[in-house]
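Take a look at the structure below.
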Number of protein chains: 2
Amino acid sequence: MKVDIKKVAEKAGVSIATVSRVFSNSELVKQTTKDKVLKISKDLNYIPNPIARSLSRQLTDTIGVVLPDLVGEFFMDIIHGIDEEAYKQNWFVLVSSSHSKRNILETLIEFMGSGRVDGVILMAPQMDERINEIIKRSKRPVVLINAGGDTNNNANFKIDNYKGAYSIVEHLIVKHKYKKIAMVEGPKDNYDAIDRSNGYHKALQKYGLSKNEAMVVEGDFSVEGGYHGFKKLMSQKEKPNAIFMANDMMAVGAYQAAKEMKIKIPENIALVGFDDIYLSQFLYPRLTTVHVPIAELGSKAVIHLLGMINNNKKKNKSFIEVLPTSLVVGESCGCK
Amino acid sequence: MKVDIKKVAEKAGVSIATVSRVFSNSELVKQTTKDKVLKISKDLNYIPNPIARSLSRQLTDTIGVVLPDLVGEFFMDIIHGIDEEAYKQNWFVLVSSSHSKRNILETLIEFMGSGRVDGVILMAPQMDERINEIIKRSKRPVVLINAGGDTNNNANFKIDNYKGAYSIVEHLIVKHKYKKIAMVEGPKDNYDAIDRSNGYHKALQKYGLSKNEAMVVEGDFSVEGGYHGFKKLMSQKEKPNAIFMANDMMAVGAYQAAKEMKIKIPENIALVGFDDIYLSQFLYPRLTTVHVPIAELGSKAVIHLLGMINNNKKKNKSFIEVLPTSLVVGESCGCK
DNA sequence: CTGAAAGCGCTTACAG
DNA sequence: CTGAAAGCGCTTACAG
């Protein structure tokens with residue numbers, strides 16, 4: 001026994017137009033009429049059908065979220081930030097992550113092409129022309145999260161990787177007076193990794209520490225990458241006094257390598273990371289790292305996207321907001 | 001310039017009914033007509049509007065996922081399992097997690113009451129009458145994941161907590177010959193926790209180890225809970241030779257406590273956990289624990305839900321599937 | 001195999 | 001403040 005707008009209108013002795021107005025909170029309806037309709041609706045357990053509403057209004061009150069497969073640690077925080085903000089504003093969230101059987105592109109097309117969502121939050125580690133093309137073509141707004149590559153003419157929220165890296169390396173230099181600070185970098189084609197490397201180099205330069213090729217090794221953001229990077233650095237004749245791992249996962253690998261090599265952190269070597277992943281607080285000694293506001297990234301993206309949807313201000317508007325990171329001081333750097 | 005079914009029909013010189021049939025892959029359409037329509041559609045970049053489709057068919061091709069706030073570690077795996085399976089079958093996923101501002105109940109009502117989804121996957125740690133009531137009232141099917149409490153007349157997928165606990169404790173007894181095996185339990189009102197305790201007790205009993213009140217302390221599934229539970233057990237006159245922590249998070253706390261107390265794992269005390277959370281592989285020594293197939297839980301739930309939707313077999317059908325766990329042998333139990 | 005038409009359940013410009 | 005009616009973009013039973 002389904003109850004629709006017609007049934008409510010009938011029972012209330014008004015037209016369906018009036019019922020509709022009551023539920024869209026129109027100010028045109030007399031209070032007494034409103035009360036009557038609301039009462040009947042409650043009795044009948046009536047809830048307006050959102051699909052019909054969507055078709056008529058050409059709006060779905062739903063945002064799409066497209067995520068890469070590899071977000072791992074951040075997945076939950078991002079979704080959480082998005083979901084919470086969306087809920088506050090009475091919106092729904094349709095998620096889709098790309099994986100083996102589906103790439104970002106397909107997923108995006110599916111969301112954008114159809115009338116299923118009013119806008120999309122896209123986390124694409126690497127923008128490319130085809131993605132930009134789809135966004136440009138679509139009438140629906142898109143907000144990028146931490147996108148790398150050409151983000152021209154899009155709204156883009158990202159983490160301040162550069163400053164984060166700069167300040168943690170600065171901490172090693174200023175607070176601890178380390179002179180030989182090494183770095184295990186992230187993947188060469190990863191934008192986060194590049195910014196972090198830049199921050200590292202800038203800090204060295206700023207404090208007059210000479211550049212030393214032997215102090216920089218390439219990594220890949222994985223535990224194994226950190227493990228090998230650490231071993232390599234600590235097997236050289238000239239050893240660093242501190243190592244900046246480009247992310248916490250690699251720091252985890254470094255802890256393992258240190259244990260194997262009987263090298264003590266921070267007594268023999270100071271170590272710092274980046275990301276402040278959940279796991280890092282359980283490393284011993286506590287990892288000094290850089291906190292990144294993931295949930296905030298999600299909620300800010302939602303707020304901006306809804307703004308775009310409501311004001312119909314789409315593309316052509318390049319917008320970028322860089323969220324600040326913060327230093328998380330543990331003991332792995334030598335503090336305390 | 002939006003392109004709808006009418007425009008395609010016009011260009012192709014057919015009726016909109018025919019176009020519609022082409023896109024629902026009706027066998028009624030002649031192949032040549034089909035080809036023509038498909039070609040025009042492609043040229044025009046036409047994609048049928050899913051909202052209109054939904055309204056007409058009274059089906060949304062979307063499943064709702066309602067999660068509690070506290071899934072933490074599992075969040076990603078669950079969503080991933082669900083999303084992947086849903087995608088395979090061409091369905092969309094609307095997610096919503098409850099949090100401070102919204103409880104499971106509201107979230108559920110929102111999904112069920114509206115025509116926004118065709119079915120719901122619900123992870124409610126604790127079912128109650130009101131939740132059951134909503135499910136019963138709704139015409140849409142619901143599949144429960146790891147639900148505790150009264151799950152009567154619902155489809156329910158869960159983890160085999162009992163056997164998992166039994167077998168890891170059995171491992172401690174049979175493989176390692178420990179006689180005094182303690183346990184730090186989970187919250188008393190948590191169903192996973194209860195099953196795990198039962199498995200523990202059953203194993204002791206089976207192998208003729210006497211019950212010892214002093215060997216069981218209450219915990220809460222948190223790191224702190226494990227920390228304190230461990231300290232309590234190891235401060236008694238009569239100390240255990242092995243401890244079963246009811247989940248890995250508490251095992252993490254135990255590692256911290258052990259470090260503080262200068263107690264070596266497994267030399268001085270064997271330790272095992274439950275869940276095989278991501279973090280546990282980085283504990284040193286590697287934690288022996290019980291793996292739970294979270295992603296599989298998600299995908300199985302989807303498959304079952306879609307079955308219910310397609311066959312219109314709703315409720316009145318109590319169904320339960322218990323997914324097996326597996327032992328993950330590390331070194332914390334004394335192995336290797 | 002194809003089309004005309006009713007219907008899905010709403011919203012909203014228009015008229016009063 | 002309220003209602004009649006057109007429209008949102010599809011699907012599908014019915015007729016041919």
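Residue numbering restarts at 1 for every chain of the structure tokens, chains are lettered A, B, ... in their displayed order, and ligands are numbered from 1 as they appear.
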
Proximal residues of chain B relative to chain A (only C-alpha atoms; 7 Å) as a list in words: Ile47, Asn49, Pro50, Ile51, Ala52, Leu55, Phe75, Met76, Asp83, Val93, Leu94, Val95, Ser96, Gly113, Ser114, Gly115, Arg116 and Leu279 of chain B

Neighbours of chain D in chain A at 8 Å, counting only C-alpha atoms (C1' of nucleotides), as a VMD selection string: chain A and resid 15 17 to 18 28 to 30 55 to 58

Atom pair atom CA of A:Lys231 / atom CA of B:Thr288: separation (Å):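 Separation of atom CA of A:Lys231 and atom CA of B:Thr288: 26.8 Å.
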
Moved chain B, fitted on chain A by every C-alpha in sequence order, as a short mmCIF file (atom, residue, chain, number, x, y, z; two decimals) with C-alpha atoms, in the first residue's frame:
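out.cif, freshly written:
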```
data_model
loop_
_atom_site.label_atom_id
_atom_site.label_comp_id
_atom_site.auth_asym_id
_atom_site.auth_seq_id
_atom_site.Cartn_x
_atom_site.Cartn_y
_atom_site.Cartn_z
CA MET B 1 -0.03 -0.01 0.03
CA LYS B 2 2.02 2.86 -1.20
CA VAL B 3 1.09 6.36 -0.34
CA ASP B 4 1.82 9.09 -2.80
CA ILE B 5 1.15 12.77 -3.10
CA LYS B 6 -2.26 12.15 -4.60
CA LYS B 7 -3.46 10.18 -1.64
CA VAL B 8 -2.32 12.84 0.76
CA ALA B 9 -3.96 15.57 -1.28
CA GLU B 10 -7.18 13.68 -1.35
CA LYS B 11 -7.30 13.06 2.38
CA ALA B 12 -6.38 16.63 3.11
CA GLY B 13 -8.87 18.02 0.68
CA VAL B 14 -6.29 20.02 -1.24
CA SER B 15 -4.55 19.75 -4.58
CA ILE B 16 -1.30 17.90 -5.07
CA ALA B 17 0.28 21.25 -5.87
CA THR B 18 -0.41 22.37 -2.36
CA VAL B 19 0.98 19.22 -0.85
CA SER B 20 4.07 19.64 -2.93
CA ARG B 21 4.43 23.20 -1.74
CA VAL B 22 4.14 22.16 1.85
CA PHE B 23 7.03 19.78 1.45
CA SER B 24 9.23 22.24 -0.32
CA ASN B 25 8.48 24.65 2.46
CA SER B 26 6.92 27.18 0.20
CA GLU B 27 5.84 30.34 1.96
CA LEU B 28 2.85 30.54 -0.24
CA VAL B 29 0.87 28.07 1.83
CA LYS B 30 -1.34 29.20 4.67
CA GLN B 31 -0.17 27.90 8.01
CA THR B 32 -3.41 26.09 8.78
CA THR B 33 -3.30 24.33 5.42
CA LYS B 34 0.31 23.45 6.05
CA ASP B 35 -0.50 21.97 9.44
CA LYS B 36 -3.33 19.94 8.04
CA VAL B 37 -1.23 18.50 5.25
CA LEU B 38 1.63 17.75 7.59
CA LYS B 39 -0.64 15.96 9.99
CA ILE B 40 -2.20 13.80 7.29
CA SER B 41 1.23 13.05 5.88
CA LYS B 42 2.43 11.91 9.20
CA ASP B 43 -0.59 9.71 9.73
CA LEU B 44 -0.14 8.19 6.32
CA ASN B 45 3.61 7.92 6.73
CA TYR B 46 4.11 9.88 3.58
CA ILE B 47 7.55 10.83 2.34
CA PRO B 48 7.87 12.55 -1.03
CA ASN B 49 9.51 10.33 -3.58
CA PRO B 50 12.95 11.76 -4.20
CA ILE B 51 13.28 10.18 -7.60
CA ALA B 52 10.18 11.88 -8.90
CA ARG B 53 11.35 15.05 -7.28
CA SER B 54 14.70 14.73 -8.96
CA LEU B 55 13.22 14.15 -12.36
CA SER B 56 11.02 17.14 -12.07
CA ARG B 57 13.61 19.48 -10.61
CA GLN B 58 16.49 18.11 -12.61
CA LEU B 59 18.43 17.94 -9.40
CA THR B 60 19.29 14.89 -7.37
CA ASP B 61 20.59 16.24 -4.06
CA THR B 62 23.34 13.73 -4.48
CA ILE B 63 27.03 14.20 -4.96
CA GLY B 64 29.27 11.60 -6.49
CA VAL B 65 32.64 10.73 -5.03
CA VAL B 66 35.21 9.11 -7.24
CA LEU B 67 38.28 7.71 -5.55
CA PRO B 68 41.34 5.92 -6.81
CA ASP B 69 41.97 2.43 -5.62
CA LEU B 70 45.03 3.27 -3.71
CA VAL B 71 43.94 5.66 -1.03
CA GLY B 72 44.17 3.01 1.64
CA GLU B 73 44.79 4.75 4.90
CA PHE B 74 42.92 7.89 3.91
CA PHE B 75 39.86 6.30 2.49
CA MET B 76 37.90 6.35 5.66
CA ASP B 77 38.83 9.86 6.67
CA ILE B 78 37.95 11.26 3.30
CA ILE B 79 34.62 9.55 3.04
CA HIS B 80 33.90 10.48 6.58
CA GLY B 81 34.65 14.15 6.02
CA ILE B 82 32.53 14.16 2.90
CA ASP B 83 29.66 12.21 4.33
CA GLU B 84 29.43 14.29 7.46
CA GLU B 85 29.38 17.58 5.63
CA ALA B 86 26.96 16.32 3.01
CA TYR B 87 24.62 15.08 5.67
CA LYS B 88 24.63 18.41 7.45
CA GLN B 89 23.37 19.98 4.28
CA ASN B 90 20.97 17.18 3.52
CA TRP B 91 22.74 15.69 0.59
CA PHE B 92 23.42 12.12 -0.37
CA VAL B 93 26.71 10.59 -1.30
CA LEU B 94 27.22 8.13 -4.11
CA VAL B 95 30.67 6.58 -3.95
CA SER B 96 32.72 4.73 -6.40
CA SER B 97 36.30 3.74 -6.23
CA SER B 98 38.23 2.63 -9.22
CA HIS B 99 39.85 -0.75 -9.12
CA SER B 100 41.17 -3.47 -11.30
CA LYS B 101 38.02 -3.71 -13.32
CA ARG B 102 37.39 -0.07 -13.67
CA ASN B 103 39.51 3.00 -14.00
CA ILE B 104 38.92 6.53 -12.89
CA LEU B 105 37.84 7.53 -16.31
CA GLU B 106 35.01 5.07 -16.66
CA THR B 107 33.81 5.79 -13.19
CA LEU B 108 33.80 9.47 -13.86
CA ILE B 109 31.94 9.10 -17.11
CA GLU B 110 29.33 7.01 -15.43
CA PHE B 111 28.70 9.69 -12.85
CA MET B 112 28.95 12.72 -15.03
CA GLY B 113 27.13 11.45 -18.04
CA SER B 114 24.07 10.36 -16.21
CA GLY B 115 21.76 12.55 -14.25
CA ARG B 116 22.53 10.59 -11.17
CA VAL B 117 24.49 13.24 -9.33
CA ASP B 118 24.54 17.03 -9.29
CA GLY B 119 28.27 17.27 -8.91
CA VAL B 120 31.36 15.21 -8.33
CA ILE B 121 34.28 15.17 -5.96
CA LEU B 122 37.17 13.59 -7.74
CA MET B 123 40.40 12.38 -6.27
CA ALA B 124 42.66 11.70 -9.19
CA PRO B 125 46.29 11.29 -8.28
CA GLN B 126 47.14 12.14 -11.82
CA MET B 127 44.96 14.28 -14.03
CA ASP B 128 45.21 13.73 -17.73
CA GLU B 129 43.71 15.25 -20.81
CA ARG B 130 40.88 12.81 -21.08
CA ILE B 131 39.77 13.48 -17.54
CA ASN B 132 39.94 17.21 -18.11
CA GLU B 133 37.99 16.76 -21.29
CA ILE B 134 35.16 14.96 -19.55
CA ILE B 135 34.98 17.58 -16.87
CA LYS B 136 34.94 20.36 -19.41
CA ARG B 137 32.18 18.70 -21.41
CA SER B 138 29.92 18.05 -18.50
CA LYS B 139 27.43 20.55 -17.25
CA ARG B 140 27.98 19.40 -13.69
CA PRO B 141 30.61 20.91 -11.44
CA VAL B 142 33.58 18.96 -10.22
CA VAL B 143 35.87 19.58 -7.30
CA LEU B 144 39.29 18.01 -7.26
CA ILE B 145 40.95 16.64 -4.18
CA ASN B 146 44.70 16.45 -4.07
CA ALA B 147 44.90 16.15 -7.80
CA GLY B 148 48.21 16.09 -9.55
CA GLY B 149 49.01 17.29 -13.01
CA ASP B 150 47.10 19.80 -15.02
CA THR B 151 44.23 20.98 -12.87
CA ASN B 152 43.57 24.04 -14.93
CA ASN B 153 40.22 25.64 -14.66
CA ASN B 154 39.06 23.44 -11.87
CA ALA B 155 38.45 23.82 -8.20
CA ASN B 156 41.15 22.01 -6.35
CA PHE B 157 41.80 21.33 -2.69
CA LYS B 158 45.15 20.05 -1.67
CA ILE B 159 47.56 19.46 1.12
CA ASP B 160 50.52 21.73 1.58
CA ASN B 161 53.14 19.10 0.94
CA TYR B 162 55.83 21.62 0.30
CA LYS B 163 55.55 23.50 3.56
CA GLY B 164 54.98 20.33 5.51
CA ALA B 165 58.22 18.88 4.23
CA TYR B 166 60.02 22.14 4.68
CA SER B 167 59.02 22.50 8.28
CA ILE B 168 59.84 18.98 9.37
CA VAL B 169 63.27 19.21 7.80
CA GLU B 170 63.68 22.62 9.38
CA HIS B 171 62.87 21.00 12.71
CA LEU B 172 65.70 18.53 12.18
CA ILE B 173 68.10 21.31 11.34
CA VAL B 174 67.15 23.98 13.85
CA LYS B 175 66.08 21.95 16.82
CA HIS B 176 68.50 19.08 16.48
CA LYS B 177 71.40 20.60 14.58
CA TYR B 178 71.69 17.63 12.26
CA LYS B 179 73.99 18.39 9.38
CA LYS B 180 73.62 15.34 7.24
CA ILE B 181 69.95 14.93 6.54
CA ALA B 182 69.00 12.33 3.99
CA MET B 183 65.71 11.73 2.26
CA VAL B 184 63.98 8.71 0.82
CA GLU B 185 61.76 10.18 -1.84
CA GLY B 186 58.42 9.07 -3.20
CA PRO B 187 57.67 7.98 -6.76
CA LYS B 188 59.13 10.39 -9.30
CA ASP B 189 55.84 10.93 -11.09
CA ASN B 190 53.80 11.56 -7.97
CA TYR B 191 52.95 15.17 -7.29
CA ASP B 192 52.81 14.84 -3.55
CA ALA B 193 56.23 13.26 -3.67
CA ILE B 194 57.66 16.03 -5.82
CA ASP B 195 56.41 18.78 -3.54
CA ARG B 196 57.82 17.01 -0.53
CA SER B 197 61.21 16.72 -2.18
CA ASN B 198 61.13 20.38 -3.03
CA GLY B 199 60.36 21.29 0.55
CA TYR B 200 63.25 19.17 1.71
CA HIS B 201 65.72 20.76 -0.67
CA LYS B 202 64.50 24.23 0.09
CA ALA B 203 65.03 23.76 3.81
CA LEU B 204 68.56 22.48 3.30
CA GLN B 205 69.35 25.39 1.08
CA LYS B 206 67.82 27.92 3.39
CA TYR B 207 70.03 26.80 6.23
CA GLY B 208 73.11 26.53 4.13
CA LEU B 209 73.44 22.77 4.15
CA SER B 210 75.12 21.64 1.01
CA LYS B 211 73.37 19.38 -1.40
CA ASN B 212 74.64 15.84 -1.39
CA GLU B 213 73.54 13.38 -4.04
CA ALA B 214 74.39 10.43 -1.85
CA MET B 215 71.88 11.62 0.71
CA VAL B 216 68.87 11.28 -1.56
CA VAL B 217 67.51 7.94 -2.66
CA GLU B 218 64.38 7.18 -4.58
CA GLY B 219 61.51 5.36 -2.95
CA ASP B 220 57.96 4.46 -3.88
CA PHE B 221 55.80 5.25 -0.84
CA SER B 222 55.66 1.56 0.10
CA VAL B 223 56.88 -0.21 3.21
CA GLU B 224 59.39 -2.15 1.14
CA GLY B 225 60.59 1.01 -0.52
CA GLY B 226 61.33 2.52 2.87
CA TYR B 227 63.02 -0.64 4.00
CA HIS B 228 65.41 -0.66 1.10
CA GLY B 229 65.94 3.07 1.11
CA PHE B 230 66.95 2.96 4.73
CA LYS B 231 69.32 0.05 4.21
CA LYS B 232 70.93 1.74 1.28
CA LEU B 233 71.53 4.97 3.15
CA MET B 234 72.84 3.23 6.23
CA SER B 235 75.19 0.98 4.30
CA GLN B 236 77.12 3.82 2.73
CA LYS B 237 80.47 4.92 4.07
CA GLU B 238 79.07 8.35 4.64
CA LYS B 239 75.98 7.92 6.78
CA PRO B 240 73.34 10.57 7.48
CA ASN B 241 72.40 11.62 11.02
CA ALA B 242 68.77 11.95 10.11
CA ILE B 243 66.45 10.65 7.43
CA PHE B 244 63.27 12.20 6.12
CA MET B 245 61.04 9.47 4.72
CA ALA B 246 58.64 10.95 2.18
CA ASN B 247 55.72 9.16 3.80
CA ASP B 248 54.94 7.19 6.93
CA MET B 249 54.57 3.88 5.17
CA MET B 250 58.18 4.07 4.15
CA ALA B 251 59.06 5.07 7.69
CA VAL B 252 57.48 1.81 8.81
CA GLY B 253 59.82 -0.02 6.46
CA ALA B 254 62.72 1.96 7.88
CA TYR B 255 61.85 0.85 11.39
CA GLN B 256 61.96 -2.75 10.24
CA ALA B 257 65.29 -2.28 8.54
CA ALA B 258 66.69 -0.52 11.59
CA LYS B 259 65.65 -3.41 13.79
CA GLU B 260 67.37 -5.85 11.49
CA MET B 261 70.52 -3.79 11.29
CA LYS B 262 70.52 -3.21 15.04
CA ILE B 263 70.45 0.50 14.45
CA LYS B 264 68.70 2.46 17.14
CA ILE B 265 66.23 5.23 16.47
CA PRO B 266 66.90 8.01 17.33
CA GLU B 267 70.19 7.27 19.10
CA ASN B 268 72.01 6.18 15.98
CA ILE B 269 69.81 7.79 13.39
CA ALA B 270 66.94 10.22 13.59
CA LEU B 271 63.91 9.44 11.46
CA VAL B 272 60.86 11.41 10.44
CA GLY B 273 57.95 10.74 8.13
CA PHE B 274 54.96 12.39 6.49
CA ASP B 275 51.18 11.81 6.67
CA ASP B 276 50.63 10.98 10.31
CA ILE B 277 48.87 7.78 9.41
CA TYR B 278 47.02 5.99 12.13
CA LEU B 279 49.68 3.36 12.37
CA SER B 280 52.48 5.79 13.05
CA GLN B 281 51.42 6.49 16.60
CA PHE B 282 52.14 2.88 17.45
CA LEU B 283 55.67 2.85 16.16
CA TYR B 284 58.29 2.82 18.83
CA PRO B 285 59.73 5.32 19.36
CA ARG B 286 56.76 7.43 18.32
CA LEU B 287 57.34 8.70 14.81
CA THR B 288 57.79 12.40 14.28
CA THR B 289 55.76 13.24 11.22
CA VAL B 290 53.54 15.72 9.40
CA HIS B 291 49.84 15.65 9.97
CA VAL B 292 47.60 16.09 6.94
CA PRO B 293 43.97 17.15 7.42
CA ILE B 294 42.25 14.54 5.30
CA ALA B 295 38.75 14.75 6.68
CA GLU B 296 38.91 18.51 6.37
CA LEU B 297 39.90 18.12 2.75
CA GLY B 298 36.72 16.15 2.24
CA SER B 299 34.42 18.54 4.03
CA LYS B 300 35.90 21.59 2.35
CA ALA B 301 35.46 19.97 -1.01
CA VAL B 302 31.80 19.32 -0.25
CA ILE B 303 31.16 22.87 0.86
CA HIS B 304 32.76 24.24 -2.24
CA LEU B 305 30.98 21.82 -4.53
CA LEU B 306 27.59 22.64 -3.07
CA GLY B 307 28.40 26.29 -3.54
CA MET B 308 29.11 25.67 -7.18
CA ILE B 309 25.93 23.69 -7.60
CA ASN B 310 23.77 26.28 -5.92
CA ASN B 311 25.19 29.27 -7.68
CA ASN B 312 25.51 27.49 -10.90
CA LYS B 313 29.05 28.71 -11.05
CA LYS B 314 30.71 26.08 -13.04
CA LYS B 315 34.21 25.76 -14.43
CA ASN B 316 36.18 28.51 -16.11
CA LYS B 317 36.89 29.32 -12.54
CA SER B 318 40.21 28.04 -11.45
CA PHE B 319 40.22 27.82 -7.70
CA ILE B 320 42.77 26.33 -5.43
CA GLU B 321 42.99 26.01 -1.70
CA VAL B 322 45.99 24.55 -0.03
CA LEU B 323 45.33 23.20 3.44
CA PRO B 324 48.10 23.61 5.97
CA THR B 325 49.75 20.65 7.59
CA SER B 326 51.07 20.51 11.12
CA LEU B 327 54.09 18.99 12.76
CA VAL B 328 53.59 15.98 15.00
CA VAL B 329 56.59 15.70 17.26
CA GLY B 330 57.36 12.23 18.51
CA GLU B 331 60.65 10.82 19.75
CA SER B 332 62.02 9.40 16.54
CA CYS B 333 63.62 12.72 15.68
CA GLY B 334 65.51 12.83 18.95
CA CYS B 335 63.10 14.99 20.91
CA LYS B 336 62.43 14.26 24.55
#
```

DSSP strand (DSSP E or B) residues within stretch 96-132 of chain A, as a list of chain:residue names: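 Answer for stretch 96-132 of chain A restricted to strand (DSSP E or B) is A:Ser96, A:Ser97, A:His99, A:Arg102, A:Gly119, A:Val120, A:Ile121, A:Leu122.
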